[in-house]
>>> print(open('upload.txt').read())   # compact mmCIF, C-alpha atoms
# COMPACT_ATOMS: atom_id res chain seq x y z
CA MET A 1205 -70.48 25.97 -18.25
CA VAL A 1206 -69.90 22.48 -19.61
CA LEU A 1207 -66.44 22.92 -21.08
CA GLN A 1208 -64.10 25.66 -22.24
CA SER A 1209 -60.72 26.08 -23.87
CA PRO A 1210 -57.98 26.78 -21.31
CA GLU A 1211 -57.11 30.14 -22.87
CA LEU A 1212 -60.49 31.70 -22.02
CA GLU A 1213 -60.51 34.26 -19.20
CA MET A 1214 -63.45 34.25 -16.82
CA SER A 1215 -64.67 36.92 -14.40
CA THR A 1216 -67.83 37.07 -12.25
CA HIS A 1217 -70.16 40.07 -12.17
CA LEU A 1218 -73.49 41.06 -10.71
CA ASN A 1219 -75.97 41.04 -13.56
CA ALA A 1220 -77.08 44.63 -13.13
CA GLY A 1221 -76.52 45.81 -16.67
CA ARG A 1222 -73.40 47.08 -18.31
CA ARG A 1223 -73.86 50.80 -17.80
CA ALA A 1224 -75.98 50.39 -14.69
CA GLY A 1225 -76.25 53.40 -12.41
CA PHE A 1226 -75.95 53.27 -8.63
CA TRP A 1227 -79.65 52.48 -8.01
CA ALA A 1228 -79.75 49.80 -10.69
CA VAL A 1229 -76.85 48.04 -8.95
CA ILE A 1230 -78.59 48.34 -5.56
CA THR A 1231 -81.86 46.99 -7.05
CA ALA A 1232 -80.03 44.10 -8.68
CA LEU A 1233 -78.26 43.32 -5.43
CA LEU A 1234 -81.50 43.38 -3.42
CA VAL A 1235 -83.30 41.19 -5.96
CA ALA A 1236 -80.30 38.84 -6.05
CA LEU A 1237 -80.38 38.54 -2.25
CA ALA A 1238 -84.16 38.17 -2.11
CA ARG A 1239 -84.11 35.46 -4.73
CA LYS A 1240 -81.20 33.73 -3.04
CA PHE A 1241 -83.18 33.51 0.20
CA LEU A 1242 -86.47 32.69 -1.47
CA GLY A 1243 -85.04 29.83 -3.42
CA GLY A 1244 -84.54 31.46 -6.80
CA GLU A 1245 -81.31 31.56 -8.70
CA THR A 1246 -78.72 34.25 -8.10
CA MET A 1247 -78.23 37.17 -10.45
CA PHE A 1248 -74.53 36.75 -10.95
CA VAL A 1249 -73.07 36.16 -14.38
CA ASN A 1250 -69.72 34.93 -15.59
CA ARG A 1251 -68.01 36.82 -18.37
CA PHE A 1252 -65.84 34.76 -20.68
CA ARG A 1253 -63.27 36.58 -22.78
CA ALA A 1254 -61.17 35.01 -25.51
CA PRO A 1255 -58.16 37.19 -26.33
CA ARG A 1256 -56.84 34.47 -28.66
CA GLY A 1257 -60.12 32.76 -29.56
CA GLY A 1258 -61.43 29.54 -28.03
CA GLU A 1259 -64.39 27.31 -27.40
CA LEU A 1260 -67.13 27.53 -24.79
CA VAL A 1261 -69.93 25.00 -24.28
CA LEU A 1262 -72.92 25.92 -22.12
CA ALA A 1263 -75.92 23.94 -20.89
CA PRO A 1264 -78.85 24.84 -18.63
CA SER A 1265 -79.70 22.73 -15.57
CA LEU A 1266 -83.19 21.61 -16.60
CA SER A 1267 -84.25 19.52 -19.57
CA GLY A 1268 -85.52 21.64 -22.41
CA ASN A 1269 -84.58 23.80 -25.36
CA ILE A 1270 -82.20 26.65 -26.06
CA VAL A 1271 -83.36 29.46 -28.35
CA GLN A 1272 -81.02 31.93 -29.99
CA LYS A 1273 -82.31 35.47 -30.52
CA LYS A 1274 -80.63 38.34 -32.29
CA LEU A 1275 -81.14 41.79 -30.83
CA ASP A 1276 -80.74 44.62 -33.32
CA GLY A 1277 -80.48 47.54 -30.94
CA GLN A 1278 -84.09 48.59 -31.64
CA LYS A 1279 -86.28 46.02 -29.90
CA ARG A 1280 -86.29 45.09 -26.26
CA LEU A 1281 -86.78 41.54 -25.05
CA PHE A 1282 -87.95 40.65 -21.56
CA VAL A 1283 -86.48 37.33 -20.43
CA GLN A 1284 -87.63 35.45 -17.33
CA SER A 1285 -84.46 35.52 -15.21
CA GLY A 1286 -84.13 31.74 -14.97
CA SER A 1287 -84.26 31.51 -18.77
CA TYR A 1288 -81.28 33.75 -19.45
CA LEU A 1289 -78.39 31.55 -20.54
CA ALA A 1290 -75.86 33.79 -22.28
CA SER A 1291 -75.39 36.81 -24.50
CA THR A 1292 -72.71 38.38 -26.66
CA GLY A 1293 -72.01 41.83 -27.98
CA ASP A 1294 -73.11 44.79 -25.94
CA ILE A 1295 -76.41 43.26 -24.79
CA ASP A 1296 -77.46 44.81 -21.54
CA ALA A 1297 -79.62 42.76 -19.14
CA LYS A 1298 -81.32 44.94 -16.52
CA VAL A 1299 -83.32 43.43 -13.67
CA ARG A 1300 -87.00 44.32 -13.80
CA PHE A 1301 -89.58 42.56 -11.79
CA GLY A 1302 -93.29 42.13 -12.28
CA GLY A 1303 -94.22 43.37 -8.83
CA LEU A 1304 -92.90 42.31 -5.43
CA ARG A 1305 -95.50 39.60 -4.91
CA THR A 1306 -94.14 37.61 -7.84
CA LEU A 1307 -90.94 37.03 -5.86
CA PHE A 1308 -92.89 34.94 -3.37
CA GLY A 1309 -94.54 31.57 -3.59
CA GLY A 1310 -92.16 30.04 -6.08
CA GLU A 1311 -94.04 31.73 -8.92
CA GLY A 1312 -91.11 34.04 -9.54
CA LEU A 1313 -91.44 36.46 -12.38
CA ALA A 1314 -88.17 38.30 -12.08
CA LEU A 1315 -87.48 39.64 -15.53
CA LEU A 1316 -84.37 40.73 -17.31
CA GLU A 1317 -84.89 43.55 -19.75
CA CYS A 1318 -82.47 42.85 -22.57
CA THR A 1319 -81.45 45.67 -24.92
CA GLY A 1320 -78.54 46.35 -27.23
CA THR A 1321 -77.00 44.59 -30.19
CA GLY A 1322 -75.82 41.00 -30.19
CA GLU A 1323 -76.87 37.39 -29.81
CA LEU A 1324 -78.90 36.16 -26.87
CA TRP A 1325 -79.44 32.56 -25.78
CA ILE A 1326 -82.44 31.69 -23.69
CA ASN A 1327 -83.26 28.29 -22.23
CA SER A 1328 -86.55 26.70 -21.31
CA TYR A 1329 -87.91 23.94 -19.10
CA GLY A 1330 -89.71 21.84 -21.67
CA SER A 1331 -90.30 22.87 -25.27
CA VAL A 1332 -90.48 26.47 -26.43
CA LEU A 1333 -93.43 27.81 -28.35
CA ALA A 1334 -93.37 31.26 -29.97
CA ILE A 1335 -96.86 32.76 -29.87
CA PRO A 1336 -97.63 35.81 -31.99
CA ILE A 1337 -100.10 37.94 -30.06
CA ASN A 1338 -102.46 40.50 -31.42
CA GLY A 1339 -104.83 41.59 -28.69
CA ALA A 1340 -104.87 39.97 -25.26
CA PHE A 1341 -103.34 36.67 -24.17
CA THR A 1342 -102.90 35.00 -20.77
CA VAL A 1343 -99.93 32.87 -19.69
CA ASP A 1344 -99.24 31.17 -16.35
CA THR A 1345 -96.21 33.01 -14.89
CA GLY A 1346 -94.37 29.70 -14.51
CA HIS A 1347 -94.58 29.09 -18.26
CA ILE A 1348 -93.13 32.42 -19.46
CA VAL A 1349 -89.73 32.27 -21.12
CA ALA A 1350 -89.50 35.66 -22.81
CA PHE A 1351 -91.58 38.31 -24.56
CA GLU A 1352 -91.05 41.30 -26.78
CA GLY A 1353 -90.71 44.65 -25.07
CA ASN A 1354 -93.52 46.38 -26.95
CA LEU A 1355 -96.14 44.18 -25.22
CA ASP A 1356 -97.91 45.46 -22.14
CA PHE A 1357 -98.11 42.96 -19.30
CA ARG A 1358 -99.90 42.70 -15.99
CA VAL A 1359 -99.53 39.99 -13.33
CA LYS A 1360 -102.84 38.92 -11.82
CA SER A 1361 -104.73 35.91 -10.53
CA VAL A 1362 -106.86 33.86 -12.89
CA GLY A 1363 -110.64 34.02 -12.42
CA GLY A 1364 -112.11 35.28 -9.14
CA MET A 1365 -111.01 35.02 -5.50
CA LYS A 1366 -112.07 31.39 -5.29
CA SER A 1367 -109.85 30.57 -8.24
CA LEU A 1368 -106.88 32.41 -6.70
CA PHE A 1369 -106.68 29.90 -3.87
CA LEU A 1370 -108.29 26.82 -5.33
CA SER A 1371 -107.60 26.76 -9.04
CA GLY A 1372 -103.99 25.69 -8.60
CA GLU A 1373 -103.05 28.13 -11.34
CA GLY A 1374 -101.30 30.65 -9.09
CA LEU A 1375 -100.53 33.85 -10.91
CA VAL A 1376 -100.91 34.54 -14.57
CA CYS A 1377 -99.52 37.25 -16.78
CA GLU A 1378 -101.92 39.04 -19.07
CA PHE A 1379 -100.32 40.44 -22.21
CA GLN A 1380 -101.81 43.23 -24.33
CA GLY A 1381 -100.74 44.53 -27.69
CA SER A 1382 -98.95 42.98 -30.60
CA GLY A 1383 -95.71 41.02 -30.37
CA THR A 1384 -94.32 37.57 -29.63
CA VAL A 1385 -94.42 35.67 -26.35
CA TYR A 1386 -92.19 32.62 -25.87
CA ILE A 1387 -93.67 30.04 -23.55
CA GLN A 1388 -92.36 26.74 -22.19
CA SER A 1389 -94.34 23.51 -21.99
CA ARG A 1390 -93.26 22.65 -18.43
CA ASN A 1391 -93.44 24.58 -15.18
CA LEU A 1392 -90.73 24.31 -12.54
CA SER A 1393 -93.09 25.01 -9.63
CA SER A 1394 -95.31 22.11 -10.71
CA LEU A 1395 -92.32 19.80 -10.47
CA VAL A 1396 -91.45 21.24 -7.07
CA HIS A 1397 -95.05 20.68 -5.95
CA TRP A 1398 -94.85 17.11 -7.14
CA LEU A 1399 -91.54 16.55 -5.34
CA SER A 1400 -92.25 18.32 -2.05
CA PRO A 1401 -94.28 15.49 -0.41
CA LEU A 1402 -91.23 13.28 -0.96
CA LEU A 1403 -89.01 15.33 1.35
CA PRO A 1404 -87.74 12.99 4.09
CA SER A 1405 -89.20 14.00 7.47
CA MET B 8 -113.47 20.75 -30.07
CA HIS B 9 -110.09 19.72 -31.32
CA ILE B 10 -107.07 18.83 -29.15
CA GLU B 11 -103.67 19.30 -30.77
CA ILE B 12 -100.63 17.71 -29.12
CA GLN B 13 -97.14 19.04 -29.81
CA TYR B 14 -93.65 18.16 -28.60
CA ASN B 15 -94.15 14.50 -27.72
CA PRO B 16 -92.45 12.54 -26.22
CA ALA B 17 -90.66 14.50 -23.49
CA HIS B 18 -92.20 17.94 -23.22
CA SER B 19 -95.65 17.59 -24.68
CA LEU B 20 -98.06 20.49 -24.83
CA ALA B 21 -101.77 20.09 -25.57
CA THR B 22 -103.71 22.94 -27.15
CA VAL B 23 -107.48 22.70 -26.94
CA HIS B 24 -109.22 24.55 -29.75
CA LEU B 25 -112.68 25.47 -28.48
CA ALA B 26 -115.55 26.36 -30.81
CA PRO B 27 -117.89 29.19 -29.70
CA HIS B 28 -119.47 28.38 -26.30
CA GLU B 29 -117.61 25.09 -25.92
CA SER B 30 -115.84 24.30 -22.66
CA ILE B 31 -113.28 21.88 -21.27
CA ARG B 32 -112.62 20.74 -17.72
CA ALA B 33 -108.97 20.36 -16.74
CA GLU B 34 -106.88 19.33 -13.76
CA ALA B 35 -106.09 22.24 -11.43
CA GLY B 36 -102.74 23.76 -12.28
CA SER B 37 -102.48 22.34 -15.78
CA MET B 38 -103.18 25.60 -17.65
CA VAL B 39 -100.21 27.02 -19.56
CA SER B 40 -101.79 29.80 -21.56
CA MET B 41 -105.11 30.87 -23.00
CA THR B 42 -106.64 33.35 -25.38
CA ASP B 43 -108.49 36.42 -24.27
CA ASN B 44 -112.09 35.28 -24.58
CA ILE B 45 -111.98 32.31 -22.20
CA SER B 46 -113.58 32.42 -18.77
CA VAL B 47 -112.29 30.24 -15.93
CA THR B 48 -114.37 28.83 -13.10
CA THR B 49 -113.02 26.61 -10.37
CA THR B 50 -115.21 23.76 -9.25
CA ALA B 51 -114.99 20.89 -6.83
CA GLY B 52 -116.03 17.98 -8.97
CA HIS B 53 -118.15 18.90 -11.95
CA ARG B 54 -121.70 18.95 -13.16
CA SER B 55 -121.82 15.30 -14.05
CA GLY B 56 -119.34 14.01 -11.49
CA GLY B 57 -121.15 14.19 -8.16
CA GLY B 58 -120.39 17.79 -7.15
CA PHE B 59 -118.49 18.49 -3.95
CA PHE B 60 -118.48 14.91 -2.71
CA GLY B 61 -117.53 13.67 -6.15
CA GLY B 62 -114.49 15.96 -5.99
CA LEU B 63 -113.65 14.81 -2.48
CA LYS B 64 -113.86 11.17 -3.46
CA ARG B 65 -111.71 11.78 -6.54
CA ALA B 66 -109.07 13.63 -4.54
CA ALA B 67 -108.96 11.13 -1.69
CA LEU B 68 -109.03 8.05 -3.84
CA GLY B 69 -108.04 9.10 -7.33
CA GLY B 70 -104.63 10.53 -6.51
CA GLU B 71 -105.40 13.71 -8.36
CA SER B 72 -106.47 17.19 -7.44
CA PHE B 73 -109.70 17.98 -5.69
CA PHE B 74 -110.46 20.97 -7.86
CA GLN B 75 -110.88 21.25 -11.56
CA ASN B 76 -111.03 24.32 -13.71
CA LEU B 77 -113.65 24.78 -16.36
CA PHE B 78 -112.46 26.80 -19.33
CA SER B 79 -115.37 28.19 -21.35
CA ALA B 80 -115.05 29.94 -24.67
CA GLY B 81 -117.17 32.94 -25.54
CA ALA B 82 -118.93 33.71 -28.80
CA MET B 83 -115.64 33.78 -30.71
CA GLY B 84 -114.24 30.44 -29.55
CA GLY B 85 -110.69 30.26 -28.19
CA LYS B 86 -107.65 28.22 -27.26
CA VAL B 87 -106.34 26.80 -23.97
CA SER B 88 -102.92 25.13 -23.65
CA LEU B 89 -102.41 22.44 -21.01
CA ALA B 90 -99.39 20.59 -19.67
CA PRO B 91 -98.80 18.04 -16.89
CA SER B 92 -96.18 18.45 -14.10
CA LEU B 93 -93.78 15.74 -15.14
CA ALA B 94 -91.86 15.14 -18.34
CA GLY B 95 -93.72 12.90 -20.73
CA SER B 96 -96.18 12.43 -23.55
CA MET B 97 -99.86 13.15 -23.85
CA VAL B 98 -102.46 11.31 -25.85
CA VAL B 99 -106.14 11.83 -26.68
CA HIS B 100 -108.62 8.99 -26.54
CA GLU B 101 -111.94 9.64 -28.27
CA LEU B 102 -114.39 8.10 -25.84
CA ARG B 103 -117.44 6.59 -27.51
CA LEU B 104 -120.88 6.25 -25.97
CA GLY B 105 -121.18 2.94 -24.11
CA GLU B 106 -117.42 2.61 -23.71
CA GLU B 107 -115.67 2.79 -20.32
CA LEU B 108 -112.13 4.05 -19.87
CA PHE B 109 -110.25 3.35 -16.63
CA ILE B 110 -107.56 5.96 -16.00
CA GLN B 111 -104.84 5.69 -13.37
CA GLY B 112 -105.47 8.75 -11.11
CA SER B 113 -102.50 10.95 -11.99
CA SER B 114 -102.75 10.28 -15.74
CA TYR B 115 -105.92 12.29 -16.27
CA VAL B 116 -105.55 15.82 -17.66
CA ALA B 117 -108.78 17.04 -19.22
CA ALA B 118 -112.13 16.17 -20.80
CA PRO B 119 -115.27 18.06 -21.83
CA GLU B 120 -118.37 18.03 -19.65
CA SER B 121 -119.92 15.36 -21.85
CA VAL B 122 -117.51 12.91 -20.17
CA THR B 123 -118.39 11.74 -16.64
CA LEU B 124 -115.62 10.85 -14.21
CA ASP B 125 -116.11 8.54 -11.28
CA THR B 126 -113.66 7.00 -8.84
CA GLN B 127 -113.32 3.26 -8.74
CA PHE B 128 -112.27 1.89 -5.39
CA GLN B 129 -109.71 -0.86 -5.74
CA GLY B 130 -109.89 -2.41 -2.28
CA MET B 131 -107.34 -2.69 0.50
CA LYS B 132 -104.74 -4.30 -1.68
CA GLY B 133 -104.17 -0.93 -3.29
CA PHE B 134 -103.13 0.57 0.05
CA LEU B 135 -100.72 -2.26 0.74
CA SER B 136 -98.86 -1.88 -2.52
CA GLY B 137 -97.83 1.68 -1.68
CA GLU B 138 -98.63 2.69 -5.23
CA SER B 139 -101.81 4.45 -6.10
CA LEU B 140 -104.12 1.87 -7.50
CA PHE B 141 -107.16 3.96 -7.99
CA PHE B 142 -108.73 4.44 -11.29
CA LEU B 143 -111.00 7.11 -12.60
CA LYS B 144 -113.79 5.66 -14.66
CA ALA B 145 -114.62 7.83 -17.66
CA THR B 146 -117.91 7.31 -19.46
CA GLY B 147 -119.84 9.35 -21.98
CA GLN B 148 -118.65 10.83 -25.21
CA GLY B 149 -115.78 13.09 -26.18
CA PRO B 150 -112.02 13.44 -26.17
CA VAL B 151 -110.17 12.44 -22.98
CA LEU B 152 -106.67 13.91 -22.59
CA LEU B 153 -104.21 11.64 -20.80
CA ASN B 154 -100.62 12.20 -19.77
CA ALA B 155 -97.83 9.72 -19.24
CA PHE B 156 -94.58 9.90 -17.32
CA GLY B 157 -92.12 9.15 -20.11
CA ALA B 158 -93.26 7.93 -23.49
CA ILE B 159 -96.69 6.39 -23.99
CA GLU B 160 -97.33 3.03 -25.58
CA LYS B 161 -100.72 1.93 -26.85
CA ARG B 162 -101.32 -1.80 -26.95
CA GLU B 163 -104.22 -3.80 -28.26
CA LEU B 164 -104.68 -6.65 -25.82
CA ASN B 165 -106.20 -9.96 -26.63
CA GLY B 166 -105.12 -12.41 -23.97
CA GLU B 167 -103.10 -11.86 -20.86
CA LEU B 168 -100.28 -9.53 -19.83
CA ILE B 169 -98.47 -8.67 -16.61
CA VAL B 170 -97.94 -4.95 -16.03
CA ASP B 171 -96.18 -3.07 -13.26
CA THR B 172 -98.77 -0.94 -11.43
CA GLY B 173 -96.60 2.18 -11.80
CA HIS B 174 -96.44 1.85 -15.58
CA LEU B 175 -100.14 1.60 -16.30
CA VAL B 176 -101.84 4.73 -17.72
CA ALA B 177 -105.30 3.58 -18.78
CA PHE B 178 -107.33 0.73 -20.23
CA THR B 179 -110.72 0.22 -21.78
CA SER B 180 -113.53 -1.93 -20.44
CA GLY B 181 -113.27 -5.49 -21.68
CA ILE B 182 -110.01 -5.78 -19.79
CA GLU B 183 -110.14 -7.33 -16.33
CA TYR B 184 -107.34 -7.03 -13.87
CA SER B 185 -106.15 -8.57 -10.64
CA LEU B 186 -103.34 -7.58 -8.35
CA SER B 187 -100.66 -10.15 -7.73
CA LYS B 188 -97.17 -10.61 -6.41
CA ALA B 189 -94.34 -10.18 -8.91
CA ALA B 190 -92.64 -13.46 -7.97
CA LYS B 191 -94.00 -16.69 -6.50
CA GLY B 192 -93.04 -16.04 -2.88
CA TRP B 193 -93.57 -12.91 -0.79
CA ILE B 194 -89.86 -12.53 0.00
CA GLN B 195 -88.82 -12.83 -3.62
CA SER B 196 -91.53 -10.36 -4.65
CA PHE B 197 -90.21 -7.87 -2.14
CA LEU B 198 -86.57 -8.35 -3.17
CA SER B 199 -87.28 -8.22 -6.89
CA GLY B 200 -88.07 -4.51 -6.60
CA GLU B 201 -91.20 -5.09 -8.62
CA GLY B 202 -93.61 -5.11 -5.68
CA PHE B 203 -97.10 -5.64 -6.95
CA VAL B 204 -97.97 -6.23 -10.54
CA LEU B 205 -101.25 -6.22 -12.36
CA LYS B 206 -102.41 -9.23 -14.26
CA VAL B 207 -104.59 -7.90 -17.08
CA ARG B 208 -106.65 -10.10 -19.32
CA GLY B 209 -109.35 -9.79 -21.92
CA ARG B 210 -109.79 -7.79 -25.05
CA GLY B 211 -109.32 -4.06 -25.28
CA THR B 212 -106.82 -1.20 -25.46
CA LEU B 213 -104.12 -0.56 -22.90
CA TRP B 214 -101.85 2.50 -22.50
CA LEU B 215 -98.50 2.13 -20.75
CA GLN B 216 -95.89 4.71 -19.70
CA SER B 217 -92.16 4.13 -20.08
CA ARG B 218 -91.31 5.63 -16.65
CA ASN B 219 -92.68 4.91 -13.18
CA PRO B 220 -93.51 8.01 -11.05
CA SER B 221 -93.09 6.19 -7.71
CA GLU B 222 -89.70 4.88 -8.70
CA PHE B 223 -88.61 8.34 -9.81
CA GLY B 224 -90.00 9.75 -6.55
CA GLY B 225 -88.14 7.11 -4.54
CA THR B 226 -84.84 7.85 -6.26
CA VAL B 227 -85.06 11.65 -6.10
CA GLY B 228 -86.87 11.79 -2.73
CA ARG B 229 -84.00 10.15 -0.90
CA MET B 230 -81.64 12.85 -2.15
CA LEU B 231 -83.76 15.78 -0.98
CA PRO B 232 -82.88 17.58 2.26
CA ALA B 233 -84.94 16.59 5.29
CA ARG B 234 -87.95 18.67 6.19
CA GLU B 235 -87.15 21.29 8.78
CA GLY B 236 -88.83 21.38 12.22
>>> encode(input="upload.txt", output="structure tokens")
Amino acid sequence: MVLQSPELEMSTHLNAGRRAGFWAVITALLVALARKFLGGETMFVNRFRAPRGGELVLAPSLSGNIVQKKLDGQKRLFVQSGSYLASTGDIDAKVRFGGLRTLFGGEGLALLECTGTGELWINSYGSVLAIPINGAFTVDTGHIVAFEGNLDFRVKSVGGMKSLFLSGEGLVCEFQGSGTVYIQSRNLSSLVHWLSPLLPS
Amino acid sequence: MHIEIQYNPAHSLATVHLAPHESIRAEAGSMVSMTDNISVTTTAGHRSGGGFFGGLKRAALGGESFFQNLFSAGAMGGKVSLAPSLAGSMVVHELRLGEELFIQGSSYVAAPESVTLDTQFQGMKGFLSGESLFFLKATGQGPVLLNAFGAIEKRELNGELIVDTGHLVAFTSGIEYSLSKAAKGWIQSFLSGEGFVLKVRGRGTLWLQSRNPSEFGGTVGRMLPAREG
């Protein structure tokens, strides 16, 4: 939040989805805790309500773009959890993650599965590029912003075993099918890698 | 091979369009995305760059990664997108046969195998300055992808210029350089915050970056929590 009108009412919720069942809440809580301890962001959201109207200005923490997407109730959109900025209407954001191993090593691919009707704002680190896919396409997990729900995806390492440890590429996500993937031109873990030798001893 | 650069100046992204059976060598970790029909092999050094020891020398002296990835397109051709770690621009220099390009270690991103990379040792003065003063020497033929921290400025030099070591990206042969103090005396040089500067002279092309990685590192590094243990 950057600024808001005084008449807005704010409340804080766990981002487990609007009509989340018991297990969805538990999963969201566990992922929230895991990510908290592993250096990711928390999964809590603030809900702003304007009984008499008002203004709300939002900004992400990293330099980059904000993309607005309309969800029509038919399509699903998977959003990398750090890229979720805000949503309106009855958009439901359920925590889904691309396998436990993606929670480790700073290559987090915790995903929010967004469904429902409304507007969705997603933010990126760097510029956003929408890539229409028809077939197979590979993206470094650190460069994924969002992708359409009808795409199949699989997290894997690039190349062979030697590449897994030496290539510096970490994990990649292989998409299959037809749909759009939104990627960002910068990678937060690369910045962290660049900064980590500067930690005072 | 065609390299397309989008989103300059701050968040540049380079997309390498590879014709059938073409390949490009890129810094480890710089891959953003790629099409289906591209195979990746990780190598220390490269075919024309002295193999394992070439890689070791580059990593130890060049201030860049030991390993490089070779992206090779199959019979259909393909696309690979690349990005550096820091915010800034990218630029392609078409290296011509007989030309030499000196690249400050961390400014190199990618080049095809027709370009040979070698590390140029800059002497003890480089160690003293605390800033990496090692250059990669690129020779051969083909596009060389460079990245800058901040915006990139290309200058045609004919004469002399003084450049901060942290702001230099690359320069072509024909330009000679010497390391010198920023001010006349040692104490003033130290206090000026400029440290060492490069005196460049001659005739050629020079690329400069509008931000200095070591200065950024110095500012942010101080604010980071201390290492545990």
>>> closest_residue(input="upload.txt", among="A:Leu1324, A:Leu1403, A:Leu1316, A:Val1359", to="A:Thr1292", atoms="only C-alpha atoms")
A:Leu1324
>>> interface_residues(input="upload.txt", of="chain A", to="chain B", cutoff="9 Å", atoms="only C-alpha atoms", output="ChimeraX atom specification")
/A:1267-1268,1329-1331,1339-1348,1362-1364,1366-1367,1370-1374,1376,1378,1387-1405
>>> atom_distance(input="upload.txt", atom1="atom CA of A:Ala1297", atom2="atom CA of A:Val1249")
10.4 Å
>>> residues_around(input="upload.txt", residues="A:Leu1275", least_positions_apart="2", cutoff="7 Å", atoms="all atoms listed in the file", output="count of residues only")
7
>>> residues_around(input="upload.txt", residues="stretch 1206-1209 of chain A", least_positions_apart="4", cutoff="7 Å", atoms="only C-alpha atoms", output="list in words")
Gly1258, Glu1259, Leu1260, Val1261, Leu1262 and Ala1263 of chain A
>>> atom_distance(input="upload.txt", atom1="atom CA of A:Phe1379", atom2="atom CA of B:His9")
24.7 Å
>>> residues_near_point(input="upload.txt", point="(-100.5, 13.6, -15.1)", cutoff="6 Å", atoms="only C-alpha atoms", output="list in words")
Pro91, Ser113, Ser114, Tyr115 and Asn154 of chain B
>>> atom_distance(input="upload.txt", atom1="atom CA of B:Glu120", atom2="atom CA of B:Gly211")
24.5 Å
>>> closest_residue(input="upload.txt", among="A:Lys1298, A:Arg1251, A:His1217, A:Lys1360", to="A:Phe1282", atoms="all atoms listed in the file")
A:Lys1298
>>> residues_near_point(input="upload.txt", point="(-120.0, 8.2, -21.0)", cutoff="10 Å", atoms="only C-alpha atoms", output="PyMOL selection string")
chain B and resi 102-108+121-124+144-149
>>> residues_around(input="upload.txt", residues="B:Gly85", least_positions_apart="2", cutoff="10 Å", atoms="all atoms listed in the file", output="PDB file with C-alpha atoms, keeping the file's coordinate frame")
ATOM      1  CA  VAL B  23    -107.480  22.700 -26.940  1.00  0.00           C
ATOM      2  CA  HIS B  24    -109.220  24.550 -29.750  1.00  0.00           C
ATOM      3  CA  LEU B  25    -112.680  25.470 -28.480  1.00  0.00           C
ATOM      4  CA  ALA B  26    -115.550  26.360 -30.810  1.00  0.00           C
ATOM      5  CA  PRO B  27    -117.890  29.190 -29.700  1.00  0.00           C
ATOM      6  CA  HIS B  28    -119.470  28.380 -26.300  1.00  0.00           C
ATOM      7  CA  GLU B  29    -117.610  25.090 -25.920  1.00  0.00           C
ATOM      8  CA  SER B  30    -115.840  24.300 -22.660  1.00  0.00           C
ATOM      9  CA  MET B  41    -105.110  30.870 -23.000  1.00  0.00           C
ATOM     10  CA  THR B  42    -106.640  33.350 -25.380  1.00  0.00           C
ATOM     11  CA  ASP B  43    -108.490  36.420 -24.270  1.00  0.00           C
ATOM     12  CA  ASN B  44    -112.090  35.280 -24.580  1.00  0.00           C
ATOM     13  CA  ILE B  45    -111.980  32.310 -22.200  1.00  0.00           C
ATOM     14  CA  PHE B  78    -112.460  26.800 -19.330  1.00  0.00           C
ATOM     15  CA  SER B  79    -115.370  28.190 -21.350  1.00  0.00           C
ATOM     16  CA  ALA B  80    -115.050  29.940 -24.670  1.00  0.00           C
ATOM     17  CA  GLY B  81    -117.170  32.940 -25.540  1.00  0.00           C
ATOM     18  CA  ALA B  82    -118.930  33.710 -28.800  1.00  0.00           C
ATOM     19  CA  MET B  83    -115.640  33.780 -30.710  1.00  0.00           C
ATOM     20  CA  VAL B  87    -106.340  26.800 -23.970  1.00  0.00           C
TER      21      VAL B  87
END
>>> residues_around(input="upload.txt", residues="B:Leu168", least_positions_apart="3", cutoff="8 Å", atoms="all atoms listed in the file", output="PyMOL selection string")
chain B and resi 164+206-208
>>> build_atoms(input="upload.txt", residues="stretch 1333-1340 of chain A", atoms="N, CA and C atoms", output="JSON list (two decimals), in the coordinates of the input")
[["chain", "number", "residue", "atom", "x", "y", "z"],
["A", 1333, "LEU", "N", -92.44, 27.50, -27.33],
["A", 1333, "LEU", "CA", -93.43, 27.81, -28.35],
["A", 1333, "LEU", "C", -93.47, 29.33, -28.49],
["A", 1334, "ALA", "N", -93.28, 29.82, -29.72],
["A", 1334, "ALA", "CA", -93.37, 31.26, -29.97],
["A", 1334, "ALA", "C", -94.81, 31.58, -30.36],
["A", 1335, "ILE", "N", -95.46, 32.44, -29.60],
["A", 1335, "ILE", "CA", -96.86, 32.76, -29.87],
["A", 1335, "ILE", "C", -96.99, 34.22, -30.31],
["A", 1336, "PRO", "N", -97.39, 34.44, -31.56],
["A", 1336, "PRO", "CA", -97.63, 35.81, -31.99],
["A", 1336, "PRO", "C", -98.96, 36.30, -31.39],
["A", 1337, "ILE", "N", -98.91, 37.42, -30.73],
["A", 1337, "ILE", "CA", -100.10, 37.94, -30.06],
["A", 1337, "ILE", "C", -100.57, 39.19, -30.76],
["A", 1338, "ASN", "N", -101.87, 39.28, -30.92],
["A", 1338, "ASN", "CA", -102.46, 40.50, -31.42],
["A", 1338, "ASN", "C", -103.76, 40.69, -30.64],
["A", 1339, "GLY", "N", -103.68, 41.45, -29.59],
["A", 1339, "GLY", "CA", -104.83, 41.59, -28.69],
["A", 1339, "GLY", "C", -104.40, 41.23, -27.29],
["A", 1340, "ALA", "N", -105.19, 40.37, -26.63],
["A", 1340, "ALA", "CA", -104.87, 39.97, -25.26],
["A", 1340, "ALA", "C", -104.60, 38.48, -25.20]]
